[in-house]
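**Student:** So here's work-v7.cif (mmCIF, C-alpha atoms and all ligand atoms).
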data_my_file
#
loop_
_atom_site.label_atom_id
_atom_site.label_comp_id
_atom_site.auth_asym_id
_atom_site.auth_seq_id
_atom_site.Cartn_x
_atom_site.Cartn_y
_atom_site.Cartn_z
CA MET A 15 6.19 33.07 41.72
CA PRO A 16 9.45 33.24 39.79
CA PHE A 17 9.27 32.89 36.03
CA PRO A 18 9.47 29.11 35.19
CA SER A 19 12.52 29.21 32.97
CA THR A 20 12.79 25.46 32.55
CA ARG A 21 9.73 23.32 32.35
CA MET A 22 9.22 21.18 29.28
CA ARG A 23 12.93 20.78 28.65
CA ARG A 24 13.66 18.82 31.82
CA MET A 25 12.35 15.54 30.39
CA ARG A 26 14.19 16.06 27.12
CA ARG A 27 17.64 16.19 28.65
CA THR A 28 18.76 12.58 28.25
CA ASP A 29 18.18 9.66 25.94
CA THR A 30 16.59 7.67 28.73
CA PHE A 31 14.17 10.45 29.69
CA ARG A 32 13.24 10.92 26.05
CA ALA A 33 12.62 7.19 25.69
CA LEU A 34 10.53 7.12 28.87
CA VAL A 35 8.12 9.75 27.62
CA ARG A 36 8.05 8.81 23.94
CA GLU A 37 4.44 8.49 22.78
CA THR A 38 4.94 6.78 19.44
CA GLU A 39 6.91 3.67 18.61
CA LEU A 40 8.11 2.73 15.16
CA SER A 41 9.33 -0.79 14.60
CA PRO A 42 10.01 -3.00 11.56
CA THR A 43 6.92 -5.06 12.35
CA HIS A 44 4.78 -2.00 11.55
CA LEU A 45 6.14 -1.83 8.00
CA ILE A 46 4.88 -3.42 4.79
CA GLN A 47 7.21 -3.55 1.78
CA PRO A 48 5.60 -3.24 -1.67
CA ALA A 49 7.33 -5.32 -4.35
CA PHE A 50 6.95 -5.60 -8.11
CA VAL A 51 7.14 -8.96 -9.82
CA ILE A 52 7.47 -9.09 -13.59
CA ALA A 53 6.78 -11.98 -15.95
CA GLY A 54 9.88 -13.56 -17.51
CA GLU A 55 13.14 -14.97 -16.23
CA GLY A 56 16.32 -13.49 -14.83
CA ILE A 57 14.89 -9.98 -14.97
CA ARG A 58 16.07 -7.39 -12.52
CA GLU A 59 15.56 -3.77 -13.55
CA GLU A 60 15.66 -0.65 -11.46
CA VAL A 61 12.61 1.61 -11.66
CA GLU A 62 14.12 4.82 -12.96
CA SER A 63 11.89 7.15 -10.97
CA MET A 64 12.27 5.08 -7.76
CA PRO A 65 15.97 4.66 -6.95
CA GLY A 66 16.53 1.49 -4.92
CA ILE A 67 13.34 -0.20 -6.14
CA GLU A 68 13.58 -2.97 -8.70
CA ARG A 69 11.25 -5.09 -10.74
CA PHE A 70 12.22 -8.72 -10.31
CA SER A 71 11.11 -11.85 -12.07
CA ILE A 72 10.15 -14.63 -9.67
CA SER A 73 13.55 -16.00 -8.61
CA GLY A 74 14.93 -12.51 -7.93
CA LEU A 75 11.80 -11.63 -6.00
CA VAL A 76 12.17 -14.71 -3.82
CA ALA A 77 15.77 -13.69 -3.01
CA GLU A 78 14.70 -10.11 -2.27
CA ALA A 79 11.88 -11.40 -0.06
CA GLY A 80 14.47 -13.30 1.98
CA GLU A 81 16.23 -10.01 2.71
CA ILE A 82 12.95 -8.29 3.53
CA ALA A 83 12.04 -11.06 5.96
CA ALA A 84 15.51 -11.05 7.51
CA ALA A 85 15.23 -7.30 8.11
CA GLY A 86 12.17 -8.02 10.25
CA VAL A 87 9.66 -6.23 8.00
CA GLY A 88 6.06 -7.09 8.88
CA ALA A 89 4.82 -8.11 5.44
CA LEU A 90 5.31 -7.87 1.72
CA MET A 91 2.68 -6.43 -0.62
CA LEU A 92 2.86 -7.83 -4.11
CA PHE A 93 2.12 -6.10 -7.44
CA GLY A 94 2.32 -8.01 -10.71
CA ILE A 95 3.44 -6.91 -14.14
CA PRO A 96 2.09 -9.44 -16.63
CA ALA A 97 3.55 -10.50 -19.98
CA ALA A 98 0.38 -9.49 -21.82
CA LYS A 99 -2.69 -7.34 -21.23
CA ASP A 100 -6.23 -7.39 -22.62
CA GLU A 101 -9.45 -5.36 -22.45
CA VAL A 102 -10.76 -7.20 -19.39
CA GLY A 103 -7.52 -7.77 -17.50
CA SER A 104 -7.88 -11.55 -17.60
CA GLY A 105 -4.22 -11.99 -16.60
CA ALA A 106 -5.23 -10.79 -13.15
CA TYR A 107 -7.20 -13.95 -12.37
CA ASP A 108 -5.20 -16.49 -14.37
CA GLU A 109 -4.18 -19.43 -12.19
CA GLU A 110 -0.81 -19.34 -13.93
CA GLY A 111 -0.66 -15.54 -13.79
CA ILE A 112 2.42 -13.71 -12.57
CA VAL A 113 1.11 -12.95 -9.06
CA GLN A 114 -0.34 -16.41 -8.55
CA MET A 115 2.97 -18.04 -9.51
CA ALA A 116 4.97 -15.58 -7.43
CA VAL A 117 2.82 -16.15 -4.34
CA ARG A 118 3.31 -19.91 -4.61
CA ALA A 119 7.09 -19.44 -4.95
CA LEU A 120 7.24 -16.95 -2.07
CA LYS A 121 5.22 -19.05 0.34
CA ASP A 122 7.25 -22.09 -0.62
CA ALA A 123 10.59 -20.39 0.06
CA HIS A 124 9.55 -18.20 3.02
CA PRO A 125 6.51 -19.76 4.70
CA ASP A 126 6.74 -17.32 7.62
CA LEU A 127 6.74 -14.17 5.50
CA THR A 128 3.29 -12.60 5.32
CA VAL A 129 2.33 -12.01 1.69
CA ILE A 130 -0.41 -9.51 0.87
CA THR A 131 -1.51 -9.19 -2.76
CA ASP A 132 -2.82 -6.11 -4.50
CA VAL A 133 -6.17 -6.84 -6.12
CA CYS A 134 -6.78 -4.55 -9.09
CA LEU A 135 -7.06 -4.71 -12.85
CA CYS A 136 -5.01 -1.67 -13.91
CA GLU A 137 -1.75 -3.54 -14.51
CA TYR A 138 -3.64 -6.09 -16.62
CA THR A 139 -5.89 -3.99 -18.84
CA THR A 140 -4.75 -2.55 -22.18
CA HIS A 141 -6.45 0.75 -21.31
CA GLY A 142 -4.82 0.88 -17.86
CA HIS A 143 -8.01 1.54 -15.90
CA CYS A 144 -8.73 -0.24 -12.61
CA GLY A 145 -11.91 -1.76 -14.02
CA VAL A 146 -13.62 -2.78 -17.24
CA PHE A 147 -15.99 -1.10 -19.66
CA ARG A 148 -19.27 -2.43 -21.00
CA GLN A 149 -19.50 -2.56 -24.80
CA GLY A 150 -19.63 1.05 -25.94
CA GLY A 151 -19.46 2.28 -22.32
CA LYS A 152 -17.58 5.44 -21.47
CA GLU A 153 -17.13 4.80 -17.75
CA VAL A 154 -15.61 1.93 -15.81
CA ASP A 155 -18.54 -0.37 -15.07
CA ASN A 156 -18.83 -0.91 -11.33
CA ASP A 157 -20.66 -4.21 -11.05
CA LEU A 158 -18.94 -5.94 -13.93
CA THR A 159 -15.59 -4.93 -12.39
CA VAL A 160 -16.60 -6.18 -8.95
CA GLU A 161 -17.35 -9.63 -10.41
CA LEU A 162 -13.86 -9.79 -11.91
CA LEU A 163 -12.19 -8.51 -8.74
CA ALA A 164 -13.76 -11.33 -6.75
CA LYS A 165 -12.25 -13.79 -9.24
CA VAL A 166 -8.85 -12.12 -8.80
CA ALA A 167 -9.10 -12.29 -5.00
CA ILE A 168 -10.09 -15.96 -5.04
CA SER A 169 -7.21 -16.83 -7.37
CA HIS A 170 -4.77 -15.09 -4.99
CA ALA A 171 -6.21 -16.88 -1.96
CA GLU A 172 -5.98 -20.16 -3.82
CA ALA A 173 -2.30 -19.49 -4.56
CA GLY A 174 -1.71 -19.00 -0.84
CA ALA A 175 -1.86 -15.23 -0.26
CA ASP A 176 -2.10 -14.42 3.44
CA ALA A 177 -4.31 -11.38 2.83
CA ILE A 178 -5.70 -9.56 -0.18
CA ALA A 179 -5.84 -5.80 -0.68
CA PRO A 180 -8.35 -4.44 -3.23
CA SER A 181 -7.09 -1.06 -4.50
CA ASP A 182 -9.63 -0.40 -7.24
CA MET A 183 -12.16 1.84 -5.39
CA MET A 184 -15.27 0.26 -6.93
CA ASP A 185 -18.39 0.37 -4.74
CA GLY A 186 -19.50 -2.82 -3.01
CA ARG A 187 -16.42 -4.82 -3.86
CA ILE A 188 -15.52 -5.69 -0.28
CA GLY A 189 -18.90 -7.32 0.36
CA SER A 190 -18.82 -9.20 -2.90
CA ILE A 191 -15.23 -10.37 -2.48
CA ARG A 192 -15.89 -11.45 1.12
CA TYR A 193 -19.00 -13.38 0.17
CA GLN A 194 -17.37 -15.13 -2.75
CA MET A 195 -14.13 -15.93 -0.90
CA ASP A 196 -16.20 -17.50 1.90
CA GLU A 197 -18.18 -19.54 -0.64
CA GLU A 198 -14.97 -20.76 -2.24
CA GLY A 199 -13.48 -21.94 1.03
CA HIS A 200 -11.32 -18.98 2.06
CA PRO A 201 -13.11 -17.54 5.09
CA GLY A 202 -9.79 -17.13 6.90
CA VAL A 203 -8.15 -14.79 4.41
CA PRO A 204 -8.46 -11.18 5.58
CA ILE A 205 -9.35 -8.25 3.33
CA ILE A 206 -7.23 -5.13 3.70
CA ALA A 207 -9.38 -2.56 1.97
CA TYR A 208 -8.11 0.58 0.29
CA SER A 209 -11.03 2.54 1.70
CA ALA A 210 -9.75 6.06 1.18
CA LYS A 211 -7.65 6.06 -1.95
CA TYR A 212 -7.32 9.53 -3.41
CA ALA A 213 -6.95 10.52 -7.06
CA SER A 214 -3.38 11.63 -6.41
CA ALA A 215 -0.49 12.99 -8.44
CA PHE A 216 1.84 11.09 -6.10
CA TYR A 217 1.22 7.76 -7.89
CA GLY A 218 3.28 8.86 -10.90
CA PRO A 219 6.42 6.76 -10.29
CA PHE A 220 4.31 3.67 -9.48
CA ARG A 221 2.57 3.92 -12.81
CA ASP A 222 6.00 3.95 -14.49
CA ALA A 223 7.01 0.93 -12.45
CA ALA A 224 3.83 -1.04 -13.10
CA GLY A 225 3.04 0.25 -16.58
CA SER A 226 -0.44 1.18 -15.42
CA THR A 227 -0.97 4.76 -16.57
CA PRO A 228 -4.52 5.07 -17.97
CA GLY A 229 -4.39 5.30 -21.77
CA PHE A 230 -7.21 7.85 -21.74
CA GLY A 231 -9.01 9.83 -19.06
CA ASP A 232 -8.05 9.61 -15.40
CA ARG A 233 -9.15 7.84 -12.23
CA ARG A 234 -11.28 10.62 -10.75
CA GLY A 235 -14.46 8.69 -11.53
CA TYR A 236 -13.56 6.12 -8.87
CA GLN A 237 -10.74 7.47 -6.68
CA MET A 238 -11.47 10.13 -4.05
CA ASP A 239 -11.27 13.90 -4.42
CA PRO A 240 -8.27 15.19 -2.39
CA ALA A 241 -10.54 17.90 -0.99
CA ASN A 242 -12.67 15.43 0.98
CA ALA A 243 -12.12 13.93 4.43
CA ALA A 244 -15.59 13.21 5.86
CA GLU A 245 -16.18 11.11 2.77
CA ALA A 246 -13.20 8.95 3.76
CA VAL A 247 -14.98 8.10 7.00
CA ARG A 248 -18.09 7.07 5.04
CA GLU A 249 -15.97 4.90 2.75
CA ALA A 250 -14.31 3.30 5.78
CA GLU A 251 -17.64 2.58 7.46
CA LEU A 252 -19.06 1.01 4.30
CA ASP A 253 -16.01 -1.22 3.88
CA LEU A 254 -16.18 -2.32 7.51
CA ASP A 255 -19.88 -3.11 7.14
CA GLU A 256 -19.06 -5.19 4.10
CA GLY A 257 -16.44 -7.17 6.00
CA ALA A 258 -13.10 -5.38 5.68
CA ASP A 259 -10.56 -6.44 8.32
CA MET A 260 -8.17 -3.52 7.96
CA LEU A 261 -8.39 -0.18 6.15
CA ILE A 262 -5.90 1.72 4.03
CA VAL A 263 -5.59 5.46 3.60
CA LYS A 264 -3.51 6.42 0.57
CA PRO A 265 -1.30 8.47 0.05
CA ALA A 266 0.03 9.00 3.58
CA THR A 267 1.80 12.29 4.35
CA PRO A 268 -0.57 14.68 2.53
CA TYR A 269 -3.50 12.85 4.21
CA LEU A 270 -2.43 12.47 7.85
CA ASP A 271 -5.62 14.22 8.94
CA VAL A 272 -7.59 11.52 7.12
CA VAL A 273 -5.59 8.77 8.84
CA ARG A 274 -6.47 10.32 12.20
CA ARG A 275 -10.14 10.78 11.36
CA VAL A 276 -10.59 7.25 10.07
CA LYS A 277 -8.78 5.85 13.11
CA ASP A 278 -10.84 7.86 15.58
CA ALA A 279 -14.15 7.23 13.82
CA THR A 280 -13.80 3.48 13.36
CA ALA A 281 -11.20 2.16 15.82
CA ALA A 282 -10.44 -0.41 13.09
CA PRO A 283 -6.87 -1.32 12.21
CA VAL A 284 -5.61 1.29 9.77
CA ALA A 285 -2.66 1.26 7.41
CA ALA A 286 -1.34 4.30 5.58
CA TYR A 287 0.28 3.88 2.20
CA HIS A 288 3.37 6.05 1.80
CA VAL A 289 3.24 6.00 -1.98
CA SER A 290 5.76 6.05 -4.80
CA GLY A 291 5.81 9.84 -5.21
CA GLU A 292 6.37 10.35 -1.49
CA TYR A 293 9.28 7.89 -1.67
CA SER A 294 10.80 9.46 -4.78
CA MET A 295 10.68 12.98 -3.33
CA LEU A 296 12.69 11.86 -0.31
CA LYS A 297 15.13 9.95 -2.51
CA ALA A 298 15.60 12.93 -4.82
CA ALA A 299 16.20 15.39 -1.98
CA ALA A 300 18.61 12.96 -0.31
CA ALA A 301 20.50 12.35 -3.56
CA ASN A 302 21.02 16.08 -3.85
CA GLY A 303 22.32 16.26 -0.30
CA TRP A 304 19.42 18.51 0.69
CA ILE A 305 18.19 16.37 3.58
CA ASP A 306 19.58 13.66 5.82
CA GLU A 307 17.79 10.66 4.33
CA ARG A 308 17.74 8.42 7.36
CA GLN A 309 16.50 11.12 9.71
CA ALA A 310 13.93 12.43 7.26
CA VAL A 311 12.55 8.96 6.53
CA LEU A 312 12.31 7.90 10.17
CA GLU A 313 10.68 11.23 11.03
CA THR A 314 8.18 10.75 8.22
CA LEU A 315 7.31 7.19 9.23
CA THR A 316 7.01 8.18 12.90
CA SER A 317 4.63 10.98 11.90
CA ILE A 318 2.45 8.51 10.03
CA ARG A 319 2.31 6.29 13.12
CA ARG A 320 1.59 9.32 15.33
CA ALA A 321 -1.34 10.25 13.07
CA GLY A 322 -2.90 6.90 13.95
CA ALA A 323 -1.64 4.35 11.45
CA ASP A 324 -1.10 0.88 12.86
CA ALA A 325 0.87 -0.19 9.81
CA ILE A 326 2.67 1.66 7.03
CA VAL A 327 3.06 0.46 3.48
CA THR A 328 6.31 2.04 2.31
CA TYR A 329 9.01 1.47 -0.30
CA TYR A 330 11.43 2.33 2.50
CA ALA A 331 10.32 -0.66 4.61
CA LYS A 332 13.46 -2.77 4.18
CA GLU A 333 15.86 0.17 4.51
CA ALA A 334 14.04 1.61 7.51
CA ALA A 335 13.85 -1.80 9.18
CA LEU A 336 17.64 -2.06 8.90
CA TRP A 337 18.05 1.45 10.33
CA LEU A 338 15.76 0.62 13.23
CA ARG A 339 17.73 -2.38 14.38
C1 LIG B 401 -3.39 0.36 -8.61
C2 LIG B 401 -2.53 0.94 -7.59
C3 LIG B 401 -1.88 2.18 -7.65
C4 LIG B 401 -1.06 2.25 -6.54
C5 LIG B 401 -1.25 1.09 -5.83
N1 LIG B 401 -2.19 0.30 -6.46
C6 LIG B 401 -1.83 3.20 -8.69
C7 LIG B 401 -2.99 3.95 -9.12
O1 LIG B 401 -4.07 3.97 -8.57
O2 LIG B 401 -2.76 4.55 -10.15
C8 LIG B 401 -0.13 3.39 -6.25
C9 LIG B 401 0.99 3.06 -5.39
C10 LIG B 401 2.08 4.04 -5.36
O3 LIG B 401 2.06 5.13 -5.96
O4 LIG B 401 3.04 3.73 -4.67
N2 LIG B 401 -4.68 0.19 -8.34
#
Please, can you express the file's structure as structure tokens?
**Tutor:**
Amino acid sequence: MPFPSTRMRRMRRTDTFRALVRETELSPTHLIQPAFVIAGEGIREEVESMPGIERFSISGLVAEAGEIAAAGVGALMLFGIPAAKDEVGSGAYDEEGIVQMAVRALKDAHPDLTVITDVCLCEYTTHGHCGVFRQGGKEVDNDLTVELLAKVAISHAEAGADAIAPSDMMDGRIGSIRYQMDEEGHPGVPIIAYSAKYASAFYGPFRDAAGSTPGFGDRRGYQMDPANAAEAVREAELDLDEGADMLIVKPATPYLDVVRRVKDATAAPVAAYHVSGEYSMLKAAAANGWIDERQAVLETLTSIRRAGADAIVTYYAKEAALWLR
């Protein structure tokens, strides 16, 4: 038999052949755009470490959301920056809190845009941790925090959030939130659970944006050790048992193996969160002319889909959606 000089290349020769055999699709509907809303009026400030990302007060956010919706992005994920913080993060479950007001304004202006809210305390506590401490306690108290998180989730559902996404990594919070949301008349609001959220250095720019850097200590007592992957599957199974509707793995690109494992082990809908540091690295390299931004971003997002993510939370959502049209 002669040596087969051409084999795999035959189906790569034309655009149409390549499209016919393409295994992974990336479309705007797969993307979720995170957005920061800040208390106050007429505020619009760029996040220094995240070029292209701004913190808007409510009216600016509503305008930005119109562009996000028009680009065809699947959903918006909302993070709030309150006017004031306290020890227990009470601004997080205030009916007139920044996220609650923003959700009402967003759903009013863009009823068809899916609004997911981040449920956590770190932007609302003076100490910047994702939970609360008992008097004299040295660690974030799990059960006390879970009680508060359920209040946060209910207040978001009441404001009209389409789905809530707890990002705190306390144990048992999905079950508790599900139970209490059902009791309060919100059985139809899905929970998108951050099941495998790692204690990652790639959250740095987000903490600048949201003012949520812990004042002391770090988050390793509740977020996952980057060395572990089987543990992510256990976390995912627990959250599903407790009633999660969709799972999140976070960050995305350094954890594509985890995305794949969670997807294969659970068959549940999985989102990967392409976090602030992943965004900023691409922006920085592109700004220096070291990579082609559009190609690098679309390659990255396609890789996340190929690893098994159904949806991708990414600061590039709007830009990528426009590129994909
Ligand atoms: C807060 C939260 C964080 C992110 C999303 N929700 C930060 C953290 O845990 O410190 C990070 C998002 C990003 O880096 O883009 N619970």
**Student:** I need the residue nearest ligand LIG 401 (chain B) from this list: A:Ala246, A:Met183, A:Ala282, A:Ala207. Use only C-alpha atoms and all ligand atoms for the distance.
**Tutor:**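 The shortest atom-to-atom distance to ligand LIG 401 (chain B) comes from A:Met183.
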**Student:** Just the number, please: distance in Å from atom CA of A:Lys165 to atom CA of A:Arg248, one decimal.
**Tutor:** 25.9 Å
**Student:** Can you measure atom CA of A:Gly105 to atom CA of A:Val76 for me? One decimal in Å is fine.
**Tutor:**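 Separation of atom CA of A:Gly105 and atom CA of A:Val76: 21.0 Å.
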**Student:** In Å, rounded to a single decimal, give me how far atom CA of A:Cys134 is from atom C2 of ligand LIG 401 (chain B).
**Tutor:**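 Rounded to one decimal, the two atoms are 7.1 Å apart.
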**Student:** Given 6 Å of margin on each side, can you work out the centre and size in Å (one decimal) of an axis-aligned box holding every listed atom of ligand LIG 401 (chain B), as lines of an AutoDock Vina configuration file?
**Tutor:**
center_x = -0.8
center_y = 2.7
center_z = -7.4
size_x = 19.7
size_y = 16.9
size_z = 17.5
**Student:** With distances taken over all atoms listed in the file, which of A:Ala171, A:Ala300, A:Cys136, A:Ile95 is nearest to ligand LIG 401 (chain B)?
**Tutor:**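 The answer is A:Cys136, which sits nearest to ligand LIG 401 (chain B).
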